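Enquirer: Structure file my_file_29.txt (compact mmCIF, C-alpha atoms) is given on the next line.
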```txt
# COMPACT_ATOMS: atom_id res chain seq x y z
CA MET A 11 0.00 0.00 0.00
CA ASN A 12 1.22 3.53 -0.83
CA GLU A 13 2.38 5.09 2.47
CA SER A 14 1.44 8.57 1.25
CA LEU A 15 -2.24 7.58 1.32
CA ASN A 16 -1.98 7.34 5.11
CA LYS A 17 -0.91 11.00 5.31
CA LYS A 18 -2.85 14.21 5.04
CA HIS A 19 -2.36 15.87 1.67
CA VAL A 20 -2.17 19.60 1.00
CA LEU A 21 -1.63 21.66 -2.15
CA ILE A 22 0.11 25.03 -1.79
CA THR A 23 0.27 27.50 -4.66
CA GLY A 24 3.13 29.98 -4.92
CA ALA A 25 5.42 27.72 -2.90
CA SER A 26 8.74 28.75 -4.45
CA THR A 27 9.66 31.43 -1.91
CA GLY A 28 8.43 33.42 1.05
CA ILE A 29 5.22 32.45 2.78
CA GLY A 30 4.53 29.56 0.40
CA GLU A 31 7.98 28.03 0.93
CA ALA A 32 7.81 28.45 4.72
CA CYS A 33 4.38 26.84 4.77
CA ALA A 34 5.43 23.94 2.54
CA LEU A 35 8.50 23.15 4.64
CA SER A 36 6.62 23.49 7.92
CA LEU A 37 3.76 21.21 6.90
CA ALA A 38 6.13 18.63 5.40
CA ALA A 39 8.02 18.56 8.71
CA ARG A 40 4.72 17.98 10.53
CA GLY A 41 3.95 14.88 8.50
CA TRP A 42 1.79 16.29 5.73
CA GLN A 43 2.33 15.17 2.16
CA VAL A 44 2.82 18.50 0.42
CA PHE A 45 2.16 19.26 -3.23
CA ALA A 46 4.12 22.46 -3.79
CA GLY A 47 3.01 24.58 -6.72
CA VAL A 48 5.97 26.27 -8.43
CA ARG A 49 6.47 27.98 -11.78
CA LYS A 50 10.03 26.78 -12.38
CA SER A 51 11.33 23.23 -12.07
CA GLU A 52 14.55 24.39 -10.36
CA ASP A 53 12.46 25.91 -7.57
CA GLY A 54 10.76 22.57 -7.04
CA GLU A 55 14.10 20.77 -6.93
CA ALA A 56 15.36 23.20 -4.29
CA LEU A 57 12.30 22.55 -2.14
CA VAL A 58 12.73 18.78 -2.35
CA LYS A 59 16.33 19.11 -1.14
CA LYS A 60 15.06 20.94 1.94
CA ALA A 61 11.93 18.86 2.67
CA GLY A 62 12.69 15.39 1.32
CA ALA A 63 10.12 12.85 0.21
CA SER A 64 7.26 14.54 2.05
CA LEU A 65 7.18 17.25 -0.62
CA THR A 66 6.28 16.84 -4.28
CA PRO A 67 6.70 19.85 -6.57
CA ILE A 68 4.14 20.58 -9.29
CA LEU A 69 4.53 23.08 -12.12
CA LEU A 70 1.53 25.29 -11.47
CA ASP A 71 0.97 28.78 -12.85
CA VAL A 72 -2.46 29.80 -11.53
CA THR A 73 -3.12 31.84 -14.68
CA LYS A 74 -2.73 28.83 -17.01
CA PRO A 75 -5.80 26.56 -17.21
CA GLU A 76 -3.81 23.72 -18.75
CA GLN A 77 -1.38 23.67 -15.81
CA ILE A 78 -4.25 23.74 -13.32
CA ALA A 79 -5.90 20.81 -15.10
CA GLY A 80 -2.60 18.93 -15.16
CA ALA A 81 -2.11 19.54 -11.45
CA VAL A 82 -5.60 18.19 -10.72
CA ASP A 83 -4.87 14.97 -12.61
CA PHE A 84 -1.48 14.63 -10.91
CA VAL A 85 -2.84 15.12 -7.40
CA ARG A 86 -5.96 12.99 -7.92
CA GLU A 87 -3.83 10.07 -9.06
CA ARG A 88 -1.75 10.26 -5.88
CA VAL A 89 -4.41 10.90 -3.23
CA GLY A 90 -6.87 8.34 -4.56
CA SER A 91 -10.22 8.06 -2.81
CA THR A 92 -8.93 9.84 0.33
CA GLY A 93 -9.17 13.22 -1.37
CA LEU A 94 -7.26 16.39 -0.53
CA GLN A 95 -7.28 17.59 3.08
CA GLY A 96 -5.92 21.07 2.47
CA LEU A 97 -5.67 23.76 -0.22
CA VAL A 98 -3.57 26.86 0.45
CA ASN A 99 -4.14 29.59 -2.13
CA ASN A 100 -0.95 31.59 -1.69
CA ALA A 101 0.28 32.63 -5.16
CA GLY A 102 0.25 36.37 -5.66
CA ILE A 103 1.98 39.42 -7.14
CA VAL A 104 2.14 43.16 -6.39
CA VAL A 105 1.35 45.96 -8.83
CA ALA A 106 2.06 49.41 -7.37
CA GLY A 107 2.21 53.01 -8.52
CA PRO A 108 -0.03 56.04 -9.10
CA LEU A 109 -3.39 54.58 -10.09
CA GLU A 110 -3.93 57.42 -12.55
CA PHE A 111 -1.10 56.14 -14.73
CA ILE A 112 -0.97 52.37 -14.13
CA PRO A 113 -1.65 50.66 -17.48
CA ILE A 114 -4.97 48.84 -17.52
CA SER A 115 -3.14 45.70 -18.65
CA GLU A 116 -1.17 45.78 -15.36
CA VAL A 117 -4.37 46.16 -13.32
CA GLU A 118 -5.91 43.24 -15.20
CA TRP A 119 -2.82 41.10 -14.59
CA GLN A 120 -2.93 41.91 -10.87
CA LEU A 121 -6.52 40.70 -10.64
CA GLN A 122 -5.87 37.72 -12.92
CA VAL A 123 -3.18 36.33 -10.64
CA ASN A 124 -4.45 37.31 -7.20
CA VAL A 125 -8.20 36.87 -7.67
CA VAL A 126 -9.10 34.85 -10.75
CA GLY A 127 -6.22 32.47 -10.06
CA VAL A 128 -7.55 31.77 -6.56
CA VAL A 129 -11.04 31.09 -7.88
CA ALA A 130 -9.77 28.88 -10.72
CA VAL A 131 -7.60 26.72 -8.45
CA THR A 132 -10.33 26.48 -5.80
CA GLN A 133 -12.94 25.39 -8.34
CA ALA A 134 -10.59 22.81 -9.79
CA PHE A 135 -9.67 21.17 -6.47
CA LEU A 136 -12.96 21.48 -4.60
CA PRO A 137 -14.20 18.00 -5.55
CA MET A 138 -11.13 16.48 -3.86
CA ILE A 139 -11.54 18.81 -0.87
CA ARG A 140 -15.21 17.80 -0.54
CA THR A 141 -14.29 14.11 -0.59
CA SER A 142 -12.17 14.52 2.56
CA HIS A 143 -14.16 17.35 4.19
CA GLY A 144 -10.90 19.27 3.88
CA ARG A 145 -10.04 22.91 4.38
CA ILE A 146 -9.24 25.93 2.22
CA VAL A 147 -6.85 28.67 3.28
CA ILE A 148 -6.48 31.92 1.35
CA THR A 149 -3.52 34.26 1.78
CA GLY A 150 -4.91 37.75 1.89
CA SER A 151 -3.20 40.85 3.29
CA ASN A 152 -3.70 43.75 5.66
CA SER A 153 -3.90 45.76 2.42
CA GLY A 154 -7.25 44.09 1.90
CA PHE A 155 -8.78 46.19 4.68
CA TRP A 156 -6.21 49.00 5.09
CA CYS A 157 -4.89 49.83 1.64
CA GLU A 158 -1.79 51.99 1.37
CA PRO A 159 -1.55 54.78 -1.21
CA PHE A 160 -0.08 53.65 -4.54
CA ALA A 161 -1.06 50.04 -3.87
CA ALA A 162 -4.63 50.27 -5.15
CA PRO A 163 -4.51 47.30 -7.59
CA TYR A 164 -2.89 45.05 -4.99
CA GLY A 165 -5.25 46.20 -2.24
CA ALA A 166 -8.23 45.73 -4.55
CA SER A 167 -7.18 42.15 -5.25
CA LYS A 168 -6.79 41.38 -1.55
CA HIS A 169 -10.08 43.10 -0.70
CA ALA A 170 -11.73 40.85 -3.27
CA LEU A 171 -10.35 37.84 -1.40
CA GLU A 172 -12.12 39.08 1.73
CA ALA A 173 -15.44 38.79 -0.10
CA ILE A 174 -14.54 35.46 -1.66
CA ALA A 175 -13.56 33.95 1.69
CA ASP A 176 -16.71 35.21 3.43
CA SER A 177 -19.01 33.92 0.72
CA LEU A 178 -17.23 30.62 0.17
CA ARG A 179 -17.17 29.85 3.89
CA VAL A 180 -20.99 29.91 4.03
CA GLU A 181 -21.46 28.17 0.66
CA LEU A 182 -19.33 25.20 1.73
CA TYR A 183 -20.74 24.87 5.25
CA PRO A 184 -23.07 21.97 4.33
CA TRP A 185 -20.04 19.78 3.57
CA GLY A 186 -18.08 20.71 6.67
CA ILE A 187 -15.42 22.50 4.63
CA GLU A 188 -13.70 25.26 6.62
CA VAL A 189 -12.44 28.39 4.82
CA ALA A 190 -9.88 30.65 6.51
CA LEU A 191 -8.40 33.96 5.39
CA VAL A 192 -4.86 34.82 6.52
CA GLN A 193 -4.10 38.56 6.61
CA PRO A 194 -0.36 39.14 7.04
CA GLY A 195 1.14 42.56 7.56
CA MET A 196 4.72 43.22 6.50
CA ILE A 197 6.47 39.89 6.00
CA ARG A 198 10.16 39.40 5.25
CA THR A 199 9.91 37.76 1.83
CA PRO A 200 11.34 38.25 -1.69
CA ILE A 201 8.11 40.06 -2.60
CA TRP A 202 9.77 43.30 -1.47
CA GLU A 203 12.57 42.89 -3.99
CA LYS A 204 10.01 41.99 -6.63
CA SER A 205 7.89 45.00 -5.64
CA ARG A 206 10.85 47.35 -5.97
CA ALA A 207 11.72 45.92 -9.37
CA ALA A 208 8.09 46.14 -10.48
CA ALA A 209 7.84 49.72 -9.21
CA GLU A 210 10.94 50.68 -11.17
CA ASP A 211 9.58 49.00 -14.28
CA LEU A 212 6.22 50.69 -13.84
CA HIS A 213 7.90 54.05 -13.24
CA ALA A 214 9.57 53.69 -16.62
CA LYS A 215 6.14 53.16 -18.21
CA VAL A 216 4.61 56.25 -16.59
CA PRO A 217 4.48 59.14 -19.09
CA PRO A 218 6.65 62.20 -18.38
CA GLU A 219 3.58 64.10 -17.21
CA GLY A 220 2.89 61.48 -14.56
CA ARG A 221 6.50 61.37 -13.39
CA GLU A 222 6.45 65.14 -12.97
CA LEU A 223 3.10 65.19 -11.17
CA TYR A 224 3.95 62.38 -8.75
CA ALA A 225 7.72 62.89 -8.34
CA PRO A 226 7.62 63.52 -4.54
CA GLN A 227 5.16 60.69 -3.96
CA ILE A 228 7.17 58.23 -6.03
CA ALA A 229 10.30 59.15 -4.08
CA ALA A 230 8.39 58.58 -0.82
CA LEU A 231 7.14 55.21 -2.09
CA ARG A 232 10.69 54.11 -2.92
CA SER A 233 11.83 55.16 0.53
CA ALA A 234 8.99 53.24 2.17
CA LEU A 235 9.82 50.11 0.17
CA ASP A 236 13.46 50.39 1.29
CA LYS A 237 12.45 50.59 4.97
CA ALA A 238 9.70 47.96 4.92
CA PRO A 239 11.85 44.78 5.00
CA LYS A 240 13.62 45.98 8.16
CA LEU A 241 10.28 46.14 9.99
CA ALA A 242 8.89 42.92 8.54
CA ILE A 243 8.47 39.65 10.44
CA PRO A 244 9.63 36.23 9.15
CA PRO A 245 7.31 34.19 6.90
CA GLU A 246 7.38 31.33 9.41
CA ARG A 247 4.95 33.39 11.52
CA VAL A 248 2.42 33.18 8.70
CA ALA A 249 3.15 29.48 8.23
CA ARG A 250 2.15 28.91 11.86
CA ALA A 251 -1.18 30.62 11.26
CA ILE A 252 -1.80 28.55 8.13
CA THR A 253 -0.91 25.38 10.03
CA HIS A 254 -3.45 26.27 12.72
CA ALA A 255 -6.09 26.91 10.05
CA LEU A 256 -5.47 23.44 8.63
CA GLU A 257 -5.08 21.45 11.85
CA ALA A 258 -7.09 23.11 14.64
CA ARG A 259 -10.36 21.50 15.68
CA ARG A 260 -12.06 24.88 15.35
CA PRO A 261 -10.00 27.14 13.09
CA LYS A 262 -10.44 30.90 13.01
CA THR A 263 -12.14 32.49 10.02
CA ARG A 264 -9.44 35.21 9.93
CA TYR A 265 -5.81 35.27 11.04
CA ARG A 266 -4.22 38.70 11.31
CA VAL A 267 -0.48 38.07 11.45
CA GLY A 268 1.89 40.77 12.67
CA LEU A 269 1.40 43.74 14.97
CA ASP A 270 0.70 46.08 12.05
CA SER A 271 -2.10 43.88 10.72
CA ARG A 272 -3.68 43.44 14.14
CA LEU A 273 -3.48 47.15 14.97
CA GLN A 274 -4.83 48.22 11.59
CA GLY A 275 -7.66 45.73 11.97
CA VAL A 276 -8.78 47.49 15.14
CA LEU A 277 -8.21 51.04 13.90
CA ARG A 278 -10.07 50.34 10.66
CA HIS A 279 -13.30 50.05 12.62
CA VAL A 280 -12.83 52.93 15.06
CA LEU A 281 -11.12 55.70 13.12
CA PRO A 282 -12.93 58.04 10.69
CA ASP A 283 -11.67 57.86 7.14
CA ARG A 284 -10.06 61.33 7.18
CA LEU A 285 -7.97 60.48 10.22
CA ARG A 286 -6.96 57.17 8.68
CA ASP A 287 -5.90 59.07 5.54
CA ARG A 288 -3.70 61.32 7.66
CA ILE A 289 -2.06 58.30 9.26
CA ASN A 290 -1.42 56.79 5.82
CA ARG A 291 0.18 60.02 4.64
CA LEU A 292 2.32 60.26 7.77
CA VAL A 293 3.52 56.65 7.59
CA MET A 294 4.31 56.92 3.88
CA GLY A 295 6.01 60.30 4.29
CA LEU A 296 3.60 62.02 1.92
```
Is it possible to give me this structure as structure tokens?

Expert:
Amino acid sequence: MNESLNKKHVLITGASTGIGEACALSLAARGWQVFAGVRKSEDGEALVKKAGASLTPILLDVTKPEQIAGAVDFVRERVGSTGLQGLVNNAGIVVAGPLEFIPISEVEWQLQVNVVGVVAVTQAFLPMIRTSHGRIVITGSNSGFWCEPFAAPYGASKHALEAIADSLRVELYPWGIEVALVQPGMIRTPIWEKSRAAAEDLHAKVPPEGRELYAPQIAALRSALDKAPKLAIPPERVARAITHALEARRPKTRYRVGLDSRLQGVLRHVLPDRLRDRINRLVMGL
């Protein structure tokens, strides 16, 4: 008999680095059989070296239907009639800049990866989740309820996940399927380097008029991105929250990870919008 069938199985998207990697390694160490979604085979090989036989990489770009379908066939063949006990929708990107000048194609790409990708993967794997009465975890962000200036597309995508998690949690109640939303604040992951690179690339696409209009704000944004990693907490903190969402007898519906996320969650409901705007401007140096 295949020993892996005696284990709990979980699929994690965006497992190459950061939160996804920390979660994959943590769950593998706890005895889960992890299917780690990566976009490059070398990333999968690196994960296997760290986790061993408890981790199986899968090429999975959440924007490519053919890769999602291939991942479904791959996982179904290996879990058999036991189904899939966990799905962690973690893949995501950041698009940032002055909303007035962000190309619509960039906004569409932000939503395609962070929102449509989550829905597509969830739809595809739900039959296996239902078989095992498994759980779904979605990686949101504090930007989903406290969006920073110049992060509107990213914040919009994470705000959409708030609605998706709330609706899906009630829709799947009849089958005993729990849905949890994890809302990290600043996390020490490669996303900051990617964000800086994306911001530089986007800045190059902004017309001269936009660069002139937003020059002080763009400089402040760059400065904030440089400082952010120093204040960020390690991704293992988020992995602990995801582990709780998958293993606890009664998981939370929301996990706010990091002091900034917890504090903003409280202030969001007690501060008037104008005061919150002033705090955003002060924090961002605007």

Enquirer: Using all atoms listed in the file, find the one residue out of A:Arg266, A:Arg198, A:His169, A:Arg291 that sits nearest to Gln227 (chain A).

Expert: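 Selected residue with least distance to Gln227 (chain A): A:Arg291.
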
Enquirer: What are the centre and the three edge lengths of an axis-aligned box that wraps all atoms of region 129-136 of chain A in the file, given that 5 Å is added to every side, written as JSON and rounded to one decimal in Å?

Expert:
```
{"center_x": -10.3, "center_y": 26.1, "center_z": -7.7, "size_x": 15.4, "size_y": 19.9, "size_z": 16.1}
```

Enquirer: Using Å and a single decimal, report how far CA of Val89 (chain A) sits from CA of Ser142 (chain A).

Expert: 10.3 Å

Enquirer: Which one is closest to Arg179 (chain A): A:Thr263, A:Thr149, A:Gln122, A:Thr27? Count only C-alpha atoms.

Expert: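 Between A:Thr263, A:Thr149, A:Gln122, A:Thr27, the residue approaching Arg179 (chain A) most closely is A:Thr263.
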
Enquirer: For Val105 (chain A), which residue among A:Gly54, A:Pro137, A:Pro163, A:Pro261 is the nearest when counting only C-alpha atoms?

Expert: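 Closest residue, counting only C-alpha atoms: A:Pro163.
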
Enquirer: Give the answer as one residue: which of A:Tyr183, A:Tyr265, A:Trp42, A:Phe160 has the shortest atom-to-atom distance to Pro108 (chain A), using all atoms listed in the file?

Expert: A:Phe160

Enquirer: To one decimal place in Å, what is the distance between CA of Val280 (chain A) and CA of Leu296 (chain A)?

Expert: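 For CA of Val280 (chain A) relative to CA of Leu296 (chain A), the distance reads 22.9 Å.
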
Enquirer: I'd like to know which of A:Asn124, A:Gln95, A:Ser233, A:Ser64 is closest to Ile187 (chain A), using all atoms listed in the file.

Expert: A:Gln95

Enquirer: For a cutoff of 10 Å around the file-coordinate point (4.6, 22.8, -7.5), which residues qualify once you count only C-alpha atoms? I'd like the result as a PDB file with C-alpha atoms, keeping the file's coordinate frame.

Expert:
```pdb
ATOM      1  CA  LEU A  21      -1.630  21.660  -2.150  1.00  0.00           C
ATOM      2  CA  ILE A  22       0.110  25.030  -1.790  1.00  0.00           C
ATOM      3  CA  THR A  23       0.270  27.500  -4.660  1.00  0.00           C
ATOM      4  CA  GLY A  24       3.130  29.980  -4.920  1.00  0.00           C
ATOM      5  CA  ALA A  25       5.420  27.720  -2.900  1.00  0.00           C
ATOM      6  CA  SER A  26       8.740  28.750  -4.450  1.00  0.00           C
ATOM      7  CA  VAL A  44       2.820  18.500   0.420  1.00  0.00           C
ATOM      8  CA  PHE A  45       2.160  19.260  -3.230  1.00  0.00           C
ATOM      9  CA  ALA A  46       4.120  22.460  -3.790  1.00  0.00           C
ATOM     10  CA  GLY A  47       3.010  24.580  -6.720  1.00  0.00           C
ATOM     11  CA  VAL A  48       5.970  26.270  -8.430  1.00  0.00           C
ATOM     12  CA  ARG A  49       6.470  27.980 -11.780  1.00  0.00           C
ATOM     13  CA  LYS A  50      10.030  26.780 -12.380  1.00  0.00           C
ATOM     14  CA  SER A  51      11.330  23.230 -12.070  1.00  0.00           C
ATOM     15  CA  ASP A  53      12.460  25.910  -7.570  1.00  0.00           C
ATOM     16  CA  GLY A  54      10.760  22.570  -7.040  1.00  0.00           C
ATOM     17  CA  GLU A  55      14.100  20.770  -6.930  1.00  0.00           C
ATOM     18  CA  LEU A  57      12.300  22.550  -2.140  1.00  0.00           C
ATOM     19  CA  LEU A  65       7.180  17.250  -0.620  1.00  0.00           C
ATOM     20  CA  THR A  66       6.280  16.840  -4.280  1.00  0.00           C
ATOM     21  CA  PRO A  67       6.700  19.850  -6.570  1.00  0.00           C
ATOM     22  CA  ILE A  68       4.140  20.580  -9.290  1.00  0.00           C
ATOM     23  CA  LEU A  69       4.530  23.080 -12.120  1.00  0.00           C
ATOM     24  CA  LEU A  70       1.530  25.290 -11.470  1.00  0.00           C
ATOM     25  CA  ASP A  71       0.970  28.780 -12.850  1.00  0.00           C
ATOM     26  CA  ALA A  81      -2.110  19.540 -11.450  1.00  0.00           C
TER      27      ALA A  81
END
```

Enquirer: Ranking A:Leu97, A:Ile29, A:Ala34, A:Ala56 by minimum distance to Gln133 (chain A) and counting all atoms listed in the file, which one comes first?

Expert: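 Checking each of A:Leu97, A:Ile29, A:Ala34, A:Ala56 against Gln133 (chain A), counting all atoms listed in the file, the winner is A:Leu97.
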
Enquirer: Would you mind reading off the distance between CA of Trp156 (chain A) and CA of Arg278 (chain A), one decimal, in Å?

Expert: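 Going from CA of Trp156 (chain A) over to CA of Arg278 (chain A) covers 6.9 Å.
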
Enquirer: Excluding Arg286 (chain A) and residues on its chain fewer than 4 positions from it, collect all residues at most 12 Å away from it, counting all atoms listed in the file, and give them as a list in words.

Expert: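 So the residues in contact are Phe155, Trp156, Cys157, Glu158, Pro159, Gln274, Gly275, Val276, Leu277, Arg278, His279, Val280, Leu281, Pro282, Asn290, Arg291, Leu292 and Val293 of chain A.
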
Enquirer: Name all residues at most 12 Å from Arg260 (chain A) (count only C-alpha atoms; drop same-chain ones fewer than 5 positions away) and give them as a ChimeraX atom specification.

Expert: /A:145,186-190,254-255
